[in-house]
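Trainee: Contents of my_file-v5.txt (compact mmCIF, C-alpha atoms):
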```txt
# COMPACT_ATOMS: atom_id res chain seq x y z
CA MET B 1 8.82 -42.29 10.77
CA ARG B 2 11.18 -40.97 13.40
CA ARG B 3 13.57 -43.68 14.53
CA SER B 4 16.29 -42.34 16.72
CA ALA B 5 17.19 -41.84 20.32
CA GLU B 6 16.82 -38.73 22.38
CA ARG B 7 19.94 -36.92 23.50
CA THR B 8 20.41 -35.43 26.95
CA LEU B 9 17.71 -33.11 28.27
CA ARG B 10 18.99 -30.36 30.49
CA SER B 11 15.87 -30.30 32.67
CA ALA B 12 12.58 -32.03 33.22
CA PRO B 13 9.38 -30.27 32.04
CA SER B 14 8.35 -29.36 35.58
CA LYS B 15 11.70 -27.62 36.21
CA ILE B 16 12.05 -25.75 32.95
CA SER B 17 12.54 -22.01 33.25
CA PHE B 18 11.24 -19.92 30.40
CA GLU B 19 12.46 -16.57 29.11
CA GLN B 20 11.28 -14.23 26.41
CA GLY B 21 13.47 -12.52 23.91
CA GLY B 22 15.12 -12.75 20.53
CA PRO B 23 14.89 -10.45 17.54
CA PRO B 24 12.08 -10.81 15.02
CA HIS B 25 12.44 -13.47 12.35
CA ARG B 26 13.60 -12.33 8.92
CA PRO B 27 12.61 -14.99 6.37
CA TYR B 28 15.09 -16.07 3.75
CA GLY B 29 14.38 -15.14 0.14
CA VAL B 30 12.24 -17.60 -1.78
CA PRO B 31 13.94 -19.09 -4.85
CA PRO B 32 11.89 -18.86 -8.08
CA SER B 33 11.58 -22.64 -8.28
CA VAL B 34 9.46 -22.75 -5.13
CA ARG B 35 7.30 -19.67 -5.62
CA PRO B 36 3.56 -20.32 -5.31
CA PRO B 37 1.18 -20.44 -8.27
CA ALA B 38 0.29 -17.09 -9.81
CA ARG B 39 -3.34 -17.56 -8.77
CA PHE B 40 -2.40 -16.77 -5.16
CA ALA B 41 -3.77 -13.40 -4.09
CA VAL B 42 -1.40 -10.68 -2.92
CA PRO B 43 -1.33 -10.83 0.92
CA GLN B 44 -2.96 -7.94 2.71
CA PRO B 45 -1.79 -6.48 6.04
CA THR B 46 -5.22 -6.98 7.57
CA MET B 47 -5.96 -10.39 6.05
CA ILE B 48 -7.80 -12.77 8.37
CA PRO B 49 -7.47 -16.32 7.06
CA ASP B 50 -9.68 -19.25 7.90
CA ILE B 51 -8.09 -21.79 10.26
CA ARG B 52 -9.85 -25.11 10.70
CA PRO B 53 -9.13 -28.79 11.35
CA TYR B 54 -7.99 -30.99 8.48
CA ARG B 55 -10.82 -32.84 6.76
CA PRO B 56 -10.67 -36.11 4.79
CA GLY B 57 -11.70 -34.23 1.64
CA ASP B 58 -8.81 -31.75 1.83
CA ASP B 59 -6.34 -31.71 -1.06
CA LEU B 60 -3.31 -33.58 0.30
CA ALA B 61 -1.28 -32.89 -2.84
CA ALA B 62 -1.80 -29.14 -2.44
CA ILE B 63 -0.96 -29.25 1.28
CA THR B 64 2.17 -31.28 0.54
CA ASP B 65 3.23 -28.81 -2.16
CA LEU B 66 2.75 -26.01 0.38
CA ILE B 67 4.99 -27.82 2.89
CA HIS B 68 7.66 -28.41 0.24
CA ARG B 69 7.65 -24.70 -0.72
CA ALA B 70 7.82 -23.58 2.90
CA TYR B 71 10.72 -25.87 3.79
CA ALA B 72 12.64 -25.44 0.54
CA VAL B 73 14.42 -22.36 1.89
CA HIS B 74 16.05 -24.53 4.56
CA LEU B 75 17.22 -27.01 1.95
CA GLN B 76 18.91 -24.09 0.19
CA HIS B 77 20.95 -23.73 3.38
CA GLY B 78 21.79 -27.42 3.57
CA LEU B 79 19.14 -28.49 6.09
CA ARG B 80 17.21 -31.53 4.92
CA TYR B 81 13.99 -31.26 6.90
CA TRP B 82 11.58 -34.11 6.25
CA GLY B 83 9.16 -31.46 5.01
CA THR B 84 11.44 -30.70 2.05
CA HIS B 85 10.62 -33.99 0.35
CA GLN B 86 7.94 -35.94 2.24
CA PRO B 87 5.27 -37.71 0.14
CA ALA B 88 1.57 -36.91 0.45
CA SER B 89 1.05 -40.15 2.38
CA ASP B 90 3.30 -38.84 5.15
CA THR B 91 1.54 -35.48 5.11
CA GLU B 92 -1.73 -37.26 5.80
CA LYS B 93 -0.17 -39.48 8.48
CA ARG B 94 1.24 -36.45 10.27
CA LEU B 95 -2.02 -34.51 10.01
CA ARG B 96 -3.82 -37.46 11.58
CA ALA B 97 -1.25 -37.87 14.37
CA GLY B 98 -3.08 -35.23 16.38
CA VAL B 99 -5.28 -32.25 15.53
CA GLY B 100 -4.15 -31.28 12.06
CA LEU B 101 -4.92 -27.66 11.22
CA VAL B 102 -4.98 -25.95 7.85
CA MET B 103 -5.01 -22.21 7.17
CA LEU B 104 -6.72 -20.95 4.03
CA TRP B 105 -7.01 -17.62 2.24
CA GLN B 106 -9.46 -17.24 -0.64
CA GLY B 107 -9.66 -21.01 -0.99
CA GLU B 108 -5.87 -21.61 -1.06
CA TYR B 109 -3.88 -23.49 1.57
CA ILE B 110 -1.40 -21.04 3.08
CA GLY B 111 -0.42 -22.76 6.31
CA THR B 112 -0.60 -25.95 8.33
CA VAL B 113 0.41 -27.36 11.71
CA THR B 114 -0.39 -30.48 13.68
CA VAL B 115 -1.03 -30.32 17.42
CA ARG B 116 0.09 -33.66 18.85
CA PRO B 117 -1.06 -34.99 22.23
CA PRO B 118 1.41 -36.74 24.56
CA GLN B 119 3.31 -39.52 22.76
CA PRO B 120 3.85 -42.41 25.19
CA GLU B 121 6.09 -44.29 22.74
CA SER B 122 8.29 -41.34 21.72
CA SER B 123 12.06 -41.63 22.12
CA VAL B 124 11.98 -38.06 23.49
CA ALA B 125 11.12 -37.97 27.21
CA LEU B 126 9.55 -34.51 26.97
CA TYR B 127 7.10 -35.71 24.32
CA ARG B 128 6.12 -38.63 26.55
CA ASP B 129 5.14 -36.33 29.42
CA PRO B 130 1.32 -36.53 29.87
CA THR B 131 1.07 -32.74 30.30
CA VAL B 132 3.04 -31.89 27.15
CA TYR B 133 1.55 -31.36 23.68
CA SER B 134 3.79 -30.68 20.71
CA LEU B 135 3.71 -28.97 17.32
CA SER B 136 4.85 -30.57 14.07
CA GLN B 137 4.69 -29.89 10.33
CA PHE B 138 4.34 -26.18 11.06
CA CYS B 139 4.65 -23.89 8.04
CA VAL B 140 3.26 -20.84 6.25
CA GLU B 141 3.27 -20.17 2.51
CA PRO B 142 6.51 -18.21 1.87
CA ARG B 143 4.77 -15.49 -0.09
CA PHE B 144 2.46 -14.84 2.85
CA LYS B 145 5.15 -14.45 5.49
CA GLY B 146 5.56 -11.13 7.25
CA GLN B 147 1.82 -10.78 7.82
CA GLY B 148 1.75 -12.27 11.32
CA LEU B 149 0.06 -15.40 9.99
CA GLY B 150 2.55 -17.81 11.56
CA ARG B 151 1.81 -16.31 14.98
CA ARG B 152 -1.92 -16.46 14.28
CA LEU B 153 -1.70 -20.14 13.34
CA HIS B 154 0.53 -20.85 16.35
CA ASP B 155 -1.91 -19.18 18.75
CA HIS B 156 -4.79 -21.21 17.30
CA ALA B 157 -2.73 -24.38 17.84
CA LEU B 158 -1.97 -23.25 21.38
CA ALA B 159 -5.71 -22.94 22.07
CA VAL B 160 -6.23 -26.48 20.80
CA ALA B 161 -3.51 -27.74 23.15
CA ARG B 162 -4.97 -25.81 26.06
CA GLU B 163 -8.41 -27.29 25.41
CA GLY B 164 -6.83 -30.76 25.45
CA GLY B 165 -5.40 -30.15 28.91
CA ALA B 166 -1.79 -29.36 28.01
CA ARG B 167 0.36 -27.43 30.46
CA THR B 168 3.42 -27.23 28.21
CA ILE B 169 3.77 -26.93 24.44
CA ALA B 170 6.95 -28.21 22.77
CA LEU B 171 8.54 -28.47 19.33
CA ASP B 172 11.89 -29.21 17.75
CA THR B 173 13.79 -27.66 14.86
CA ALA B 174 17.27 -27.82 13.37
CA GLN B 175 19.98 -26.42 15.65
CA PRO B 176 21.56 -24.51 12.72
CA ALA B 177 18.21 -22.79 11.95
CA SER B 178 19.06 -19.83 14.17
CA ALA B 179 16.40 -17.54 12.70
CA LEU B 180 13.65 -20.05 13.51
CA ILE B 181 15.01 -20.55 17.02
CA ARG B 182 15.00 -16.79 17.60
CA LEU B 183 11.46 -16.59 16.28
CA TYR B 184 10.27 -19.25 18.71
CA GLN B 185 12.14 -17.59 21.55
CA GLY B 186 10.22 -14.43 20.73
CA TRP B 187 7.05 -16.46 21.23
CA GLY B 188 8.16 -17.56 24.68
CA TYR B 189 9.95 -20.83 23.90
CA GLU B 190 13.27 -21.82 25.42
CA VAL B 191 15.77 -24.43 24.29
CA VAL B 192 15.51 -27.25 26.85
CA GLY B 193 17.54 -29.99 25.20
CA GLU B 194 18.16 -31.68 21.89
CA CYS B 195 16.97 -34.69 19.91
CA ASP B 196 18.27 -36.51 16.88
CA TRP B 197 16.12 -37.76 14.00
CA ARG B 198 18.99 -38.75 11.71
CA PRO B 199 19.06 -40.35 9.16
CA GLN B 200 15.59 -38.96 8.36
CA THR B 201 17.24 -35.52 8.68
CA ASN B 202 20.88 -34.44 8.41
CA TYR B 203 21.12 -32.37 11.60
CA VAL B 204 20.64 -32.49 15.36
CA SER B 205 17.46 -30.74 16.52
CA ALA B 206 17.00 -28.17 19.26
CA LEU B 207 14.16 -29.18 21.57
CA MET B 208 12.12 -26.16 22.70
CA ALA B 209 9.23 -25.69 25.12
CA ARG B 210 7.09 -23.06 26.82
CA PRO B 211 4.13 -23.05 29.19
CA VAL B 212 0.79 -23.05 27.43
CA ASP B 213 -0.32 -20.08 29.53
CA ILE B 214 2.60 -17.69 29.55
CA GLY B 215 0.74 -14.40 29.37
CA ALA B 216 0.96 -11.80 26.63
CA ILE B 217 4.16 -11.88 24.60
CA SER B 218 4.89 -9.04 22.21
```
Go through the file and emit its structure as structure tokens.

Mentor:
Amino acid sequence: MRRSAERTLRSAPSKISFEQGGPPHRPYGVPPSVRPPARFAVPQPTMIPDIRPYRPGDDLAAITDLIHRAYAVHLQHGLRYWGTHQPASDTEKRLRAGVGLVMLWQGEYIGTVTVRPPQPESSVALYRDPTVYSLSQFCVEPRFKGQGLGRRLHDHALAVAREGGARTIALDTAQPASALIRLYQGWGYEVVGECDWRPQTNYVSALMARPVDIGAIS
């Protein structure tokens, strides 16, 4: 689906320096139109969700609705992520592009991410690197944010990448999404370049990466 050229990378993966830092992420408010169904349980501080690989029998419509709700806040700020409007067919395609993970709580989908192996045909040089895995379609149900679930899902994805032999994990997000960039910096990522998926999006993306094994990050 992505059909655009990579912009300049400031450094190659083997020469990237990584730093920690950045204040904690403060999620935007969730507009009433994208609030989850009332059947969702109230999140608990000690909740431990189930995280497992995507299965053919999973409800793609429900997962797609989750992605739309999670990305809707960015659309409110003028950022047209593909996740704001992608069809269920693309959700499935992206889940199958690597190890698709789903996070559930009391039978409801509350998060998802796909761990992609190296992409030899990518327009982004970093994603072509045979030691680099990447994250895509990463989101958590807005009502369940603030419980550390995004970090839990991320760390599970990191373990999947490590098991696959990755040395570096990478992702990209909108350059104007400063809160997300600070969040990822707090998890050890550093901006290493940029890429451009327009016209599928309406922004230039910050390309971020970190070593898979970076040690404990608070």

Trainee: So the first atom is atom CA of Val132 of chain B and the second is atom CA of Gly100 of chain B; what is the distance between them in Å, to one decimal place?

Mentor: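 According to the coordinates, atom CA of Val132 of chain B and atom CA of Gly100 of chain B are separated by 16.7 Å.
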
Trainee: For a test of reading the model, state the distance in Å between atom CA of Asp58 of chain B and atom CA of Tyr81 of chain B, rounded to one decimal.

Mentor: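 Between these atoms lies a distance of 23.4 Å.
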
Trainee: Within 10 Å of (-5.0, -33.8, 8.4) (coordinates as in the file), grab all the protein and nucleic acid residues, counting only C-alpha atoms, and write them out as a PDB file with C-alpha atoms, in the frame of the given file.

Mentor:
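Now in selection.pdb:
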```pdb
ATOM      1  CA  PRO B  53      -9.130 -28.790  11.350  1.00  0.00           C
ATOM      2  CA  TYR B  54      -7.990 -30.990   8.480  1.00  0.00           C
ATOM      3  CA  ARG B  55     -10.820 -32.840   6.760  1.00  0.00           C
ATOM      4  CA  PRO B  56     -10.670 -36.110   4.790  1.00  0.00           C
ATOM      5  CA  GLY B  57     -11.700 -34.230   1.640  1.00  0.00           C
ATOM      6  CA  ASP B  58      -8.810 -31.750   1.830  1.00  0.00           C
ATOM      7  CA  ASP B  59      -6.340 -31.710  -1.060  1.00  0.00           C
ATOM      8  CA  LEU B  60      -3.310 -33.580   0.300  1.00  0.00           C
ATOM      9  CA  ILE B  63      -0.960 -29.250   1.280  1.00  0.00           C
ATOM     10  CA  THR B  91       1.540 -35.480   5.110  1.00  0.00           C
ATOM     11  CA  GLU B  92      -1.730 -37.260   5.800  1.00  0.00           C
ATOM     12  CA  LYS B  93      -0.170 -39.480   8.480  1.00  0.00           C
ATOM     13  CA  ARG B  94       1.240 -36.450  10.270  1.00  0.00           C
ATOM     14  CA  LEU B  95      -2.020 -34.510  10.010  1.00  0.00           C
ATOM     15  CA  ARG B  96      -3.820 -37.460  11.580  1.00  0.00           C
ATOM     16  CA  ALA B  97      -1.250 -37.870  14.370  1.00  0.00           C
ATOM     17  CA  GLY B  98      -3.080 -35.230  16.380  1.00  0.00           C
ATOM     18  CA  VAL B  99      -5.280 -32.250  15.530  1.00  0.00           C
ATOM     19  CA  GLY B 100      -4.150 -31.280  12.060  1.00  0.00           C
ATOM     20  CA  LEU B 101      -4.920 -27.660  11.220  1.00  0.00           C
ATOM     21  CA  VAL B 102      -4.980 -25.950   7.850  1.00  0.00           C
ATOM     22  CA  THR B 112      -0.600 -25.950   8.330  1.00  0.00           C
ATOM     23  CA  VAL B 113       0.410 -27.360  11.710  1.00  0.00           C
ATOM     24  CA  THR B 114      -0.390 -30.480  13.680  1.00  0.00           C
TER      25      THR B 114
END
```

Trainee: Quick one: distance from atom CA of Tyr109 of chain B to atom CA of Ala62 of chain B in Å, one decimal?

Mentor: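 Between atom CA of Tyr109 of chain B and atom CA of Ala62 of chain B the gap is 7.2 Å.
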
Trainee: So, counting all atoms listed in the file, which residue among B:Pro118, B:Gly83, B:Gly107, B:Gly146 is closest to Ile67 of chain B?

Mentor: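 Checking each of B:Pro118, B:Gly83, B:Gly107, B:Gly146 against Ile67 of chain B, counting all atoms listed in the file, the winner is B:Gly83.
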
Trainee: Can you complete the atoms of segment 169-181 of chain B to N, CA and C atoms and list them as a PDB file, in the coordinates of the input?

Mentor:
```pdb
ATOM      1  N   ILE B 169       3.771 -26.679  25.878  1.00  0.00           N
ATOM      2  CA  ILE B 169       3.770 -26.930  24.440  1.00  0.00           C
ATOM      3  C   ILE B 169       5.240 -27.014  24.010  1.00  0.00           C
ATOM      4  N   ALA B 170       5.554 -27.978  23.159  1.00  0.00           N
ATOM      5  CA  ALA B 170       6.950 -28.210  22.770  1.00  0.00           C
ATOM      6  C   ALA B 170       7.051 -28.380  21.258  1.00  0.00           C
ATOM      7  N   LEU B 171       8.256 -28.256  20.746  1.00  0.00           N
ATOM      8  CA  LEU B 171       8.540 -28.470  19.330  1.00  0.00           C
ATOM      9  C   LEU B 171      10.039 -28.696  19.182  1.00  0.00           C
ATOM     10  N   ASP B 172      10.453 -29.122  18.011  1.00  0.00           N
ATOM     11  CA  ASP B 172      11.890 -29.210  17.750  1.00  0.00           C
ATOM     12  C   ASP B 172      12.173 -28.708  16.346  1.00  0.00           C
ATOM     13  N   THR B 173      13.363 -28.169  16.160  1.00  0.00           N
ATOM     14  CA  THR B 173      13.790 -27.660  14.860  1.00  0.00           C
ATOM     15  C   THR B 173      15.307 -27.775  14.770  1.00  0.00           C
ATOM     16  N   ALA B 174      15.832 -27.646  13.579  1.00  0.00           N
ATOM     17  CA  ALA B 174      17.270 -27.820  13.370  1.00  0.00           C
ATOM     18  C   ALA B 174      18.090 -26.829  14.203  1.00  0.00           C
ATOM     19  N   GLN B 175      19.113 -27.316  14.870  1.00  0.00           N
ATOM     20  CA  GLN B 175      19.980 -26.420  15.650  1.00  0.00           C
ATOM     21  C   GLN B 175      20.602 -25.314  14.799  1.00  0.00           C
ATOM     22  N   PRO B 176      20.979 -25.592  13.526  1.00  0.00           N
ATOM     23  CA  PRO B 176      21.560 -24.510  12.720  1.00  0.00           C
ATOM     24  C   PRO B 176      20.548 -23.465  12.257  1.00  0.00           C
ATOM     25  N   ALA B 177      19.235 -23.727  12.422  1.00  0.00           N
ATOM     26  CA  ALA B 177      18.210 -22.790  11.950  1.00  0.00           C
ATOM     27  C   ALA B 177      18.029 -21.680  12.982  1.00  0.00           C
ATOM     28  N   SER B 178      19.037 -20.834  13.103  1.00  0.00           N
ATOM     29  CA  SER B 178      19.060 -19.830  14.170  1.00  0.00           C
ATOM     30  C   SER B 178      17.906 -18.831  14.065  1.00  0.00           C
ATOM     31  N   ALA B 179      17.495 -18.501  12.853  1.00  0.00           N
ATOM     32  CA  ALA B 179      16.400 -17.540  12.700  1.00  0.00           C
ATOM     33  C   ALA B 179      15.096 -18.125  13.249  1.00  0.00           C
ATOM     34  N   LEU B 180      14.843 -19.413  12.972  1.00  0.00           N
ATOM     35  CA  LEU B 180      13.650 -20.050  13.510  1.00  0.00           C
ATOM     36  C   LEU B 180      13.713 -20.130  15.034  1.00  0.00           C
ATOM     37  N   ILE B 181      14.871 -20.455  15.568  1.00  0.00           N
ATOM     38  CA  ILE B 181      15.010 -20.550  17.020  1.00  0.00           C
ATOM     39  C   ILE B 181      14.753 -19.193  17.662  1.00  0.00           C
TER      40      ILE B 181
END
```
